[in-house]
$ cat start.txt   # compact mmCIF, C-alpha atoms
# COMPACT_ATOMS: atom_id res chain seq x y z
CA MET A 1 -1.48 -23.07 -10.41
CA LYS A 2 -2.50 -21.47 -13.64
CA LYS A 3 -1.25 -17.97 -14.40
CA LEU A 4 -2.71 -15.65 -17.02
CA ILE A 5 -1.56 -12.19 -18.09
CA MET A 6 -4.26 -9.94 -19.51
CA ALA A 7 -3.59 -7.94 -22.66
CA ILE A 8 -4.08 -4.20 -22.48
CA LEU A 9 -6.73 -2.99 -24.90
CA ALA A 10 -6.61 0.78 -24.46
CA THR A 11 -4.23 3.33 -22.98
CA LEU A 12 -4.30 7.01 -22.13
CA SER A 13 -0.86 8.62 -21.73
CA LEU A 14 -0.34 10.70 -18.58
CA HIS A 15 3.39 11.48 -18.79
CA ALA A 16 3.74 11.05 -15.04
CA PHE A 17 4.75 8.21 -12.75
CA ALA A 18 1.34 7.46 -11.31
CA GLN A 19 1.11 5.55 -8.04
CA SER A 20 -2.49 6.09 -6.99
CA TYR A 21 -5.52 8.20 -7.83
CA LEU A 22 -8.62 9.99 -6.67
CA VAL A 23 -11.74 10.88 -8.67
CA MET A 24 -13.42 14.25 -8.29
CA ASP A 25 -17.19 14.75 -8.30
CA ASN A 26 -17.00 15.96 -11.92
CA GLY A 27 -15.20 12.77 -13.00
CA SER A 28 -11.67 14.17 -13.26
CA VAL A 29 -9.06 11.56 -12.32
CA ILE A 30 -6.21 13.03 -10.27
CA THR A 31 -3.09 10.86 -10.00
CA THR A 32 -0.10 10.83 -7.67
CA ASP A 33 3.42 9.50 -8.16
CA LYS A 34 5.92 7.82 -5.87
CA SER A 35 7.57 11.15 -5.14
CA GLY A 36 4.27 12.51 -3.91
CA PHE A 37 3.59 14.85 -6.83
CA VAL A 38 0.01 15.27 -8.00
CA TYR A 39 -1.20 15.48 -11.60
CA ASP A 40 -4.33 16.33 -13.57
CA MET A 41 -3.81 15.00 -17.09
CA GLY A 42 -7.35 15.33 -18.38
CA ASN A 43 -8.54 11.79 -17.69
CA PHE A 44 -12.12 11.08 -16.62
CA ALA A 45 -14.10 8.31 -14.93
CA PHE A 46 -17.74 8.64 -13.90
CA PRO A 47 -17.84 8.21 -10.10
CA GLN A 48 -21.26 6.54 -10.22
CA LYS A 49 -19.86 3.84 -12.52
CA ILE A 50 -17.02 2.84 -10.19
CA THR A 51 -18.13 -0.39 -8.54
CA MET A 52 -14.89 -1.41 -6.81
CA LYS A 53 -11.73 0.45 -5.90
CA GLY A 54 -8.24 -0.44 -4.79
CA GLY A 55 -5.04 1.53 -4.52
CA ARG A 56 -3.64 0.98 -8.01
CA PHE A 57 -6.89 0.04 -9.74
CA PHE A 58 -10.63 0.55 -9.87
CA VAL A 59 -13.47 -1.25 -11.63
CA GLU A 60 -16.14 0.40 -13.78
CA ASP A 61 -19.61 -1.16 -14.20
CA ASN A 62 -18.30 -4.52 -12.96
CA SER A 63 -16.77 -5.07 -16.40
CA VAL A 64 -13.77 -2.77 -16.88
CA ILE A 65 -10.58 -2.91 -14.82
CA VAL A 66 -8.76 0.43 -14.85
CA THR A 67 -5.16 0.18 -13.63
CA ILE A 68 -2.44 2.76 -13.03
CA GLY A 69 1.14 1.80 -13.79
CA ASP A 70 4.39 3.27 -12.53
CA ASN A 71 5.13 4.39 -16.10
CA GLY A 72 2.29 6.89 -15.86
CA THR A 73 -0.35 5.21 -17.99
CA LEU A 74 -3.99 4.40 -17.36
CA TYR A 75 -5.01 1.02 -18.75
CA ARG A 76 -8.55 -0.22 -19.37
CA LYS A 77 -9.20 -3.93 -19.71
CA TYR A 78 -12.67 -5.26 -20.52
CA GLU A 79 -13.17 -8.39 -18.47
CA VAL A 80 -15.94 -10.26 -16.67
CA ILE A 81 -15.44 -9.42 -12.99
CA PRO A 82 -16.34 -12.15 -10.48
CA GLU A 83 -19.72 -11.58 -8.85
CA LYS A 84 -18.57 -12.42 -5.34
CA ILE A 85 -15.38 -10.82 -4.00
CA LEU A 86 -13.86 -12.03 -0.73
CA GLY A 87 -11.69 -8.97 -0.28
CA LYS A 88 -9.25 -6.53 -1.85
CA GLY A 89 -6.15 -4.45 -1.22
CA MET A 90 -4.03 -1.82 -2.91
CA ASN A 91 -2.91 -4.04 -5.80
CA TYR A 92 -5.15 -7.12 -5.68
CA PHE A 93 -8.62 -8.56 -5.15
CA ILE A 94 -9.79 -12.13 -4.54
CA SER A 95 -12.94 -13.86 -5.75
CA GLU A 96 -14.95 -16.41 -3.80
CA ALA A 97 -13.77 -19.02 -6.31
CA GLY A 98 -10.14 -18.51 -5.27
CA GLU A 99 -9.11 -16.29 -8.19
CA LEU A 100 -6.47 -13.75 -7.22
CA TYR A 101 -6.25 -10.68 -9.46
CA THR A 102 -3.06 -8.66 -8.97
CA VAL A 103 -1.83 -5.44 -10.60
CA ASP A 104 1.90 -5.06 -11.20
CA SER A 105 4.04 -1.91 -11.39
CA GLN A 106 3.39 -1.62 -15.14
CA GLY A 107 -0.38 -1.71 -14.71
CA LEU A 108 -0.69 -5.27 -16.07
CA VAL A 109 -3.25 -7.56 -14.47
CA HIS A 110 -2.36 -11.14 -13.52
CA ILE A 111 -4.72 -13.91 -12.42
CA THR A 112 -3.73 -16.93 -10.34
CA THR A 113 -6.08 -19.52 -8.88
CA SER A 114 -5.63 -21.53 -5.70
CA ASP A 115 -7.88 -23.26 -3.19
CA ALA A 116 -5.80 -21.57 -0.48
CA TYR A 117 -7.09 -18.17 -1.61
CA LYS A 118 -10.66 -19.26 -0.88
CA LEU A 119 -9.75 -19.15 2.82
CA ALA A 120 -8.70 -15.49 2.72
CA GLY A 121 -10.27 -13.52 5.55
CA GLY A 122 -7.95 -10.70 6.60
CA PHE A 123 -7.05 -8.14 3.96
CA GLY A 124 -4.32 -5.50 3.97
CA GLY A 125 -2.97 -3.25 1.25
CA ASN A 126 -0.27 -5.57 -0.12
CA TYR A 127 -0.98 -8.74 1.84
CA PHE A 128 -3.81 -11.01 2.97
CA MET A 129 -4.27 -13.69 5.61
CA THR A 130 -6.20 -16.95 5.55
CA SER A 131 -8.18 -18.90 8.12
CA ALA A 132 -5.55 -21.66 7.76
CA GLY A 133 -3.02 -19.37 9.44
CA GLU A 134 -1.16 -18.39 6.28
CA LEU A 135 0.08 -14.94 5.25
CA TYR A 136 0.49 -14.02 1.59
CA THR A 137 2.26 -10.86 0.55
CA VAL A 138 1.71 -9.30 -2.89
CA THR A 139 4.82 -7.71 -4.33
CA ASN A 140 5.07 -4.54 -6.39
CA GLU A 141 5.29 -6.81 -9.44
CA GLY A 142 1.98 -8.47 -8.65
CA ILE A 143 3.43 -11.76 -7.38
CA ALA A 144 1.70 -13.40 -4.43
CA GLN A 145 4.04 -15.32 -2.16
CA LYS A 146 3.37 -17.23 1.04
CA THR A 147 5.45 -15.80 3.86
CA ASP A 148 6.81 -17.91 6.69
CA ILE A 149 5.35 -16.52 9.91
CA GLU A 150 6.01 -19.42 12.27
CA GLY A 151 7.43 -18.06 15.47
CA ILE A 152 6.84 -14.48 14.33
CA VAL A 153 3.16 -13.78 14.76
CA ASN A 154 -0.10 -15.60 15.40
CA LEU A 155 -2.54 -14.34 12.79
CA ARG A 156 -5.42 -14.62 15.21
CA ASP A 157 -3.72 -11.96 17.29
CA VAL A 158 -3.84 -9.31 14.55
CA VAL A 159 -5.98 -6.43 15.80
CA ALA A 160 -5.52 -3.85 13.04
CA PHE A 161 -5.07 -4.28 9.28
CA GLY A 162 -3.54 -1.49 7.21
CA GLY A 163 -1.93 -0.83 3.85
CA ARG A 164 1.71 -1.87 4.09
CA TYR A 165 1.40 -2.82 7.76
CA PHE A 166 -0.62 -4.52 10.49
CA MET A 167 -0.59 -4.53 14.30
CA THR A 168 -0.86 -7.43 16.77
CA ASN A 169 -2.54 -7.40 20.17
CA ARG A 170 0.92 -6.99 21.72
CA GLY A 171 1.20 -3.59 20.09
CA VAL A 172 3.86 -4.66 17.59
CA VAL A 173 3.62 -3.23 14.08
CA TYR A 174 4.72 -5.42 11.16
CA THR A 175 5.54 -3.78 7.84
CA ILE A 176 5.47 -5.29 4.35
CA ALA A 177 7.94 -3.89 1.82
CA ASP A 178 7.26 -3.60 -1.92
CA ASP A 179 9.20 -6.82 -2.49
CA GLY A 180 7.02 -8.67 0.03
CA ARG A 181 9.44 -8.71 2.97
CA LEU A 182 7.71 -8.90 6.37
CA THR A 183 9.48 -7.13 9.23
CA PRO A 184 8.43 -6.68 12.90
CA ARG A 185 9.03 -3.15 14.22
CA ALA A 186 9.00 -3.88 17.94
CA ASP A 187 11.58 -1.12 18.48
CA VAL A 188 9.06 1.55 17.49
CA ARG A 189 6.46 2.38 20.14
CA VAL A 190 3.00 2.83 18.62
CA GLY A 191 -0.35 3.52 20.30
CA VAL A 192 -3.74 2.26 19.17
CA MET A 193 -4.09 2.76 15.43
CA GLN A 194 -6.61 5.40 14.41
CA LYS A 195 -6.78 6.71 10.82
CA ARG A 196 -5.14 4.39 8.31
CA GLY A 197 -3.93 4.85 4.73
CA GLY A 198 -1.84 2.78 2.38
CA ASN A 199 1.61 3.85 3.60
CA PHE A 200 0.75 5.81 6.73
CA PHE A 201 -1.41 5.79 9.87
CA THR A 202 -2.08 7.84 12.99
CA ASP A 203 -2.24 6.52 16.54
CA SER A 204 -3.91 7.34 19.86
CA SER A 205 -0.90 9.45 20.90
CA ASN A 206 -1.63 11.84 17.99
CA VAL A 207 1.47 10.75 16.08
CA ILE A 208 1.51 10.07 12.36
CA PHE A 209 3.72 7.23 11.10
CA THR A 210 4.70 6.44 7.52
CA VAL A 211 5.93 3.21 5.93
CA SER A 212 8.51 3.39 3.14
CA SER A 213 8.66 1.04 0.16
CA GLU A 214 11.52 -0.72 1.96
CA GLY A 215 9.30 -1.36 4.97
CA ASP A 216 10.85 1.25 7.28
CA LEU A 217 8.48 2.61 9.96
CA ILE A 218 9.08 6.35 10.23
CA VAL A 219 7.95 9.35 12.27
CA PRO A 220 8.38 11.99 9.54
CA GLY A 221 8.92 15.72 9.62
CA LEU A 222 5.65 17.57 9.01
CA PRO A 223 4.65 20.62 6.94
CA MET A 224 3.75 23.73 8.94
CA SER A 225 0.21 23.58 7.52
CA PHE A 226 -0.40 20.03 8.77
CA LYS A 227 -2.90 19.47 11.60
CA LEU A 228 -3.50 15.84 12.45
CA MET A 229 -6.98 16.40 13.85
CA ASN A 230 -8.09 17.93 10.53
CA ILE A 231 -7.59 14.73 8.50
CA THR A 232 -10.90 13.68 6.97
CA LYS A 233 -10.07 11.24 4.11
CA THR A 234 -7.17 8.82 3.78
CA GLY A 235 -5.98 7.30 0.49
CA THR A 236 -3.22 5.03 -0.74
CA ASN A 237 -0.38 7.55 -0.44
CA TYR A 238 -2.20 10.77 0.40
CA PHE A 239 -4.77 12.26 2.73
CA LEU A 240 -7.16 15.24 2.67
CA ASP A 241 -8.16 17.58 5.48
CA LEU A 242 -11.38 19.42 6.30
CA ASN A 243 -10.07 22.62 4.67
CA GLY A 244 -9.49 20.90 1.34
CA LYS A 245 -5.71 20.63 1.74
CA MET A 246 -4.01 17.62 0.21
CA PHE A 247 -0.93 15.99 1.68
CA SER A 248 1.04 13.26 -0.11
CA VAL A 249 3.29 10.59 1.39
CA THR A 250 6.32 9.69 -0.71
CA ASP A 251 7.72 6.21 -1.19
CA THR A 252 10.50 7.12 1.25
CA GLY A 253 7.99 8.15 3.93
CA GLU A 254 8.13 11.94 3.66
CA ILE A 255 4.99 14.10 3.85
CA TYR A 256 4.35 17.19 1.69
CA GLU A 257 1.41 19.48 1.11
CA ARG A 258 0.34 19.54 -2.55
CA VAL A 259 -1.81 22.10 -4.34
CA VAL A 260 -4.00 21.00 -7.25
CA GLN A 261 -4.90 24.11 -9.25
CA GLY A 262 -8.54 24.49 -10.18
CA TYR A 263 -9.95 21.96 -7.72
CA ASP A 264 -11.49 22.05 -4.28
CA MET A 265 -10.25 18.75 -2.86
CA ARG A 266 -13.22 18.65 -0.53
CA ASN A 267 -15.12 17.56 -3.65
CA ALA A 268 -13.13 14.35 -4.05
CA ARG A 269 -15.70 11.60 -4.63
CA ILE A 270 -13.65 8.41 -4.98
CA ILE A 271 -10.62 7.84 -2.75
CA SER A 272 -8.10 5.10 -3.66
CA LEU A 273 -7.85 2.13 -1.29
$ encode --input "start.txt" --output "structure tokens"
Amino acid sequence: MKKLIMAILATLSLHAFAQSYLVMDNGSVITTDKSGFVYDMGNFAFPQKITMKGGRFFVEDNSVIVTIGDNGTLYRKYEVIPEKILGKGMNYFISEAGELYTVDSQGLVHITTSDAYKLAGGFGGNYFMTSAGELYTVTNEGIAQKTDIEGIVNLRDVVAFGGRYFMTNRGVVYTIADDGRLTPRADVRVGVMQKRGGNFFTDSSNVIFTVSSEGDLIVPGLPMSFKLMNITKTGTNYFLDLNGKMFSVTDTGEIYERVVQGYDMRNARIISL
């Protein structure tokens, strides 16, 4: 398996620990960090030029990969993007030719190629599944690793794909930690999944669950201003409601309301993930 690391050609300093992003209708790029804080550092991307989006990356004009690293920097890499994409997640996408592009915590892009990737058919935020019955998790460092699932779950029984999680037809939620660990959470009762984000989801019992970077499945405390039925858009680690309120989900699974001065968040055009 051949592994390449792309060089970074251009950077724009943000001075924040960016974890995901959203793009407003005027092109302003708003970023979030692992602690759930939100930043506007004067970066722009034309929404109409964004041709593919993930959680930690987006593609402009099918030729520029824009990544967001944990050190708070936007990176732009000019590269020929494969014409046919099988699927994508928060920190990866896969071409029909079996090329796996991953984005690590520093915003660097890695490419690995394998015939096994050509069989990918079920895509989550930091994992994907193949028709051969294999599960690959993608770590926070952009490393894809095949995970042993024998005796744990039959992939054909997966009924809901999410960011750091999926659910089987037995109602069991499995979480995937940042280091790629797969853990069944049979001790936590969950209804039918409804709205899904990268590290959170709601269920048919009107409960919101969050997933920490360690893979913990949590029912968090909620801000007084939160109303589950008002959620309209879900992102990698945030969601927006019909009144333009923004709520972020931290890496430890806590939820906070965040105010972005000078913006009506109802005008968000591009949502990560």
$ axis_aligned_box --input "start.txt" --around "range 113-122 of chain A" --padding-each-side "5 Å" --output "JSON"
{"center_x": -8.1, "center_y": -17.0, "center_z": -1.1, "size_x": 15.0, "size_y": 22.6, "size_z": 25.5}
$ residues_around --input "start.txt" --residues "range 198-200 of chain A" --least-positions-apart "6" --cutoff "6 Å" --atoms "all atoms listed in the file" --output "list in words"
Gly163, Arg164, Phe209, Thr210, Val211, Thr236 and Asn237 of chain A
$ residues_around --input "start.txt" --residues "range 252-259 of chain A" --least-positions-apart "5" --cutoff "12 Å" --atoms "all atoms listed in the file" --output "number ranges by chain"
A: 30-40, 164, 177-178, 198-201, 208-227, 237-241, 244-247, 264-265
$ write_last_selection --input "start.txt" --atoms "C-alpha atoms" --output "tab-separated table (two decimals), in the frame of the given file"
chain	number	residue	atom	x	y	z
A	30	ILE	CA	-6.21	13.03	-10.27
A	31	THR	CA	-3.09	10.86	-10.00
A	32	THR	CA	-0.10	10.83	-7.67
A	33	ASP	CA	3.42	9.50	-8.16
A	34	LYS	CA	5.92	7.82	-5.87
A	35	SER	CA	7.57	11.15	-5.14
A	36	GLY	CA	4.27	12.51	-3.91
A	37	PHE	CA	3.59	14.85	-6.83
A	38	VAL	CA	0.01	15.27	-8.00
A	39	TYR	CA	-1.20	15.48	-11.60
A	40	ASP	CA	-4.33	16.33	-13.57
A	164	ARG	CA	1.71	-1.87	4.09
A	177	ALA	CA	7.94	-3.89	1.82
A	178	ASP	CA	7.26	-3.60	-1.92
A	198	GLY	CA	-1.84	2.78	2.38
A	199	ASN	CA	1.61	3.85	3.60
A	200	PHE	CA	0.75	5.81	6.73
A	201	PHE	CA	-1.41	5.79	9.87
A	208	ILE	CA	1.51	10.07	12.36
A	209	PHE	CA	3.72	7.23	11.10
A	210	THR	CA	4.70	6.44	7.52
A	211	VAL	CA	5.93	3.21	5.93
A	212	SER	CA	8.51	3.39	3.14
A	213	SER	CA	8.66	1.04	0.16
A	214	GLU	CA	11.52	-0.72	1.96
A	215	GLY	CA	9.30	-1.36	4.97
A	216	ASP	CA	10.85	1.25	7.28
A	217	LEU	CA	8.48	2.61	9.96
A	218	ILE	CA	9.08	6.35	10.23
A	219	VAL	CA	7.95	9.35	12.27
A	220	PRO	CA	8.38	11.99	9.54
A	221	GLY	CA	8.92	15.72	9.62
A	222	LEU	CA	5.65	17.57	9.01
A	223	PRO	CA	4.65	20.62	6.94
A	224	MET	CA	3.75	23.73	8.94
A	225	SER	CA	0.21	23.58	7.52
A	226	PHE	CA	-0.40	20.03	8.77
A	227	LYS	CA	-2.90	19.47	11.60
A	237	ASN	CA	-0.38	7.55	-0.44
A	238	TYR	CA	-2.20	10.77	0.40
A	239	PHE	CA	-4.77	12.26	2.73
A	240	LEU	CA	-7.16	15.24	2.67
A	241	ASP	CA	-8.16	17.58	5.48
A	244	GLY	CA	-9.49	20.90	1.34
A	245	LYS	CA	-5.71	20.63	1.74
A	246	MET	CA	-4.01	17.62	0.21
A	247	PHE	CA	-0.93	15.99	1.68
A	264	ASP	CA	-11.49	22.05	-4.28
A	265	MET	CA	-10.25	18.75	-2.86
$ closest_residue --input "start.txt" --among "A:Val207, A:Val109, A:Leu242, A:Met167" --to "Ala268 in chain A" --atoms "all atoms listed in the file"
A:Leu242
$ residues_around --input "start.txt" --residues "Asn267 in chain A" --least-positions-apart "3" --cutoff "8 Å" --atoms "all atoms listed in the file" --output "ChimeraX atom specification"
/A:24-25,263-264
$ residues_around --input "start.txt" --residues "range 92-98 of chain A" --least-positions-apart "4" --cutoff "7 Å" --atoms "all atoms listed in the file" --output "JSON, numbers by chain"
{"A": [82, 84, 85, 86, 87, 88, 102, 103, 113, 114, 115, 117, 118]}
$ atom_distance --input "start.txt" --atom1 "CA of Gly197 in chain A" --atom2 "CA of Tyr75 in chain A"
23.8 Å
$ closest_residue --input "start.txt" --among "A:Asn169, A:Asn126, A:Gln261, A:Ser105" --to "Glu141 in chain A" --atoms "all atoms listed in the file"
A:Ser105
$ atom_distance --input "start.txt" --atom1 "CA of Lys53 in chain A" --atom2 "CA of Glu83 in chain A"
14.7 Å
$ closest_residue --input "start.txt" --among "A:Gln19, A:Asn26, A:Asn91, A:Gln145" --to "Ile270 in chain A" --atoms "all atoms listed in the file"
A:Asn26
$ atom_distance --input "start.txt" --atom1 "CA of Asn230 in chain A" --atom2 "CA of Ile50 in chain A"
27.1 Å
$ residues_around --input "start.txt" --residues "Glu134 in chain A" --least-positions-apart "4" --cutoff "10 Å" --atoms "all atoms listed in the file" --output "list of chain:residue names"
A:Ala116, A:Tyr117, A:Leu119, A:Ala120, A:Phe128, A:Met129, A:Thr130, A:Lys146, A:Thr147, A:Asp148, A:Ile149, A:Glu150, A:Asn154, A:Leu155
$ write_last_selection --input "start.txt" --atoms "C-alpha atoms" --output "PDB file, keeping the file's coordinate frame"
ATOM      1  CA  ALA A 116      -5.800 -21.570  -0.480  1.00  0.00           C
ATOM      2  CA  TYR A 117      -7.090 -18.170  -1.610  1.00  0.00           C
ATOM      3  CA  LEU A 119      -9.750 -19.150   2.820  1.00  0.00           C
ATOM      4  CA  ALA A 120      -8.700 -15.490   2.720  1.00  0.00           C
ATOM      5  CA  PHE A 128      -3.810 -11.010   2.970  1.00  0.00           C
ATOM      6  CA  MET A 129      -4.270 -13.690   5.610  1.00  0.00           C
ATOM      7  CA  THR A 130      -6.200 -16.950   5.550  1.00  0.00           C
ATOM      8  CA  LYS A 146       3.370 -17.230   1.040  1.00  0.00           C
ATOM      9  CA  THR A 147       5.450 -15.800   3.860  1.00  0.00           C
ATOM     10  CA  ASP A 148       6.810 -17.910   6.690  1.00  0.00           C
ATOM     11  CA  ILE A 149       5.350 -16.520   9.910  1.00  0.00           C
ATOM     12  CA  GLU A 150       6.010 -19.420  12.270  1.00  0.00           C
ATOM     13  CA  ASN A 154      -0.100 -15.600  15.400  1.00  0.00           C
ATOM     14  CA  LEU A 155      -2.540 -14.340  12.790  1.00  0.00           C
TER      15      LEU A 155
END
$ closest_residue --input "start.txt" --among "A:Val172, A:Ala160, A:Met90, A:Leu228" --to "Gly142 in chain A" --atoms "all atoms listed in the file"
A:Met90
$ closest_residue --input "start.txt" --among "A:Ser248, A:Ser20, A:Thr51, A:Ser204" --to "Val192 in chain A" --atoms "all atoms listed in the file"
A:Ser204
$ closest_residue --input "start.txt" --among "A:Val59, A:Leu74, A:Val64, A:Ile231" --to "Gly107 in chain A" --atoms "all atoms listed in the file"
A:Leu74
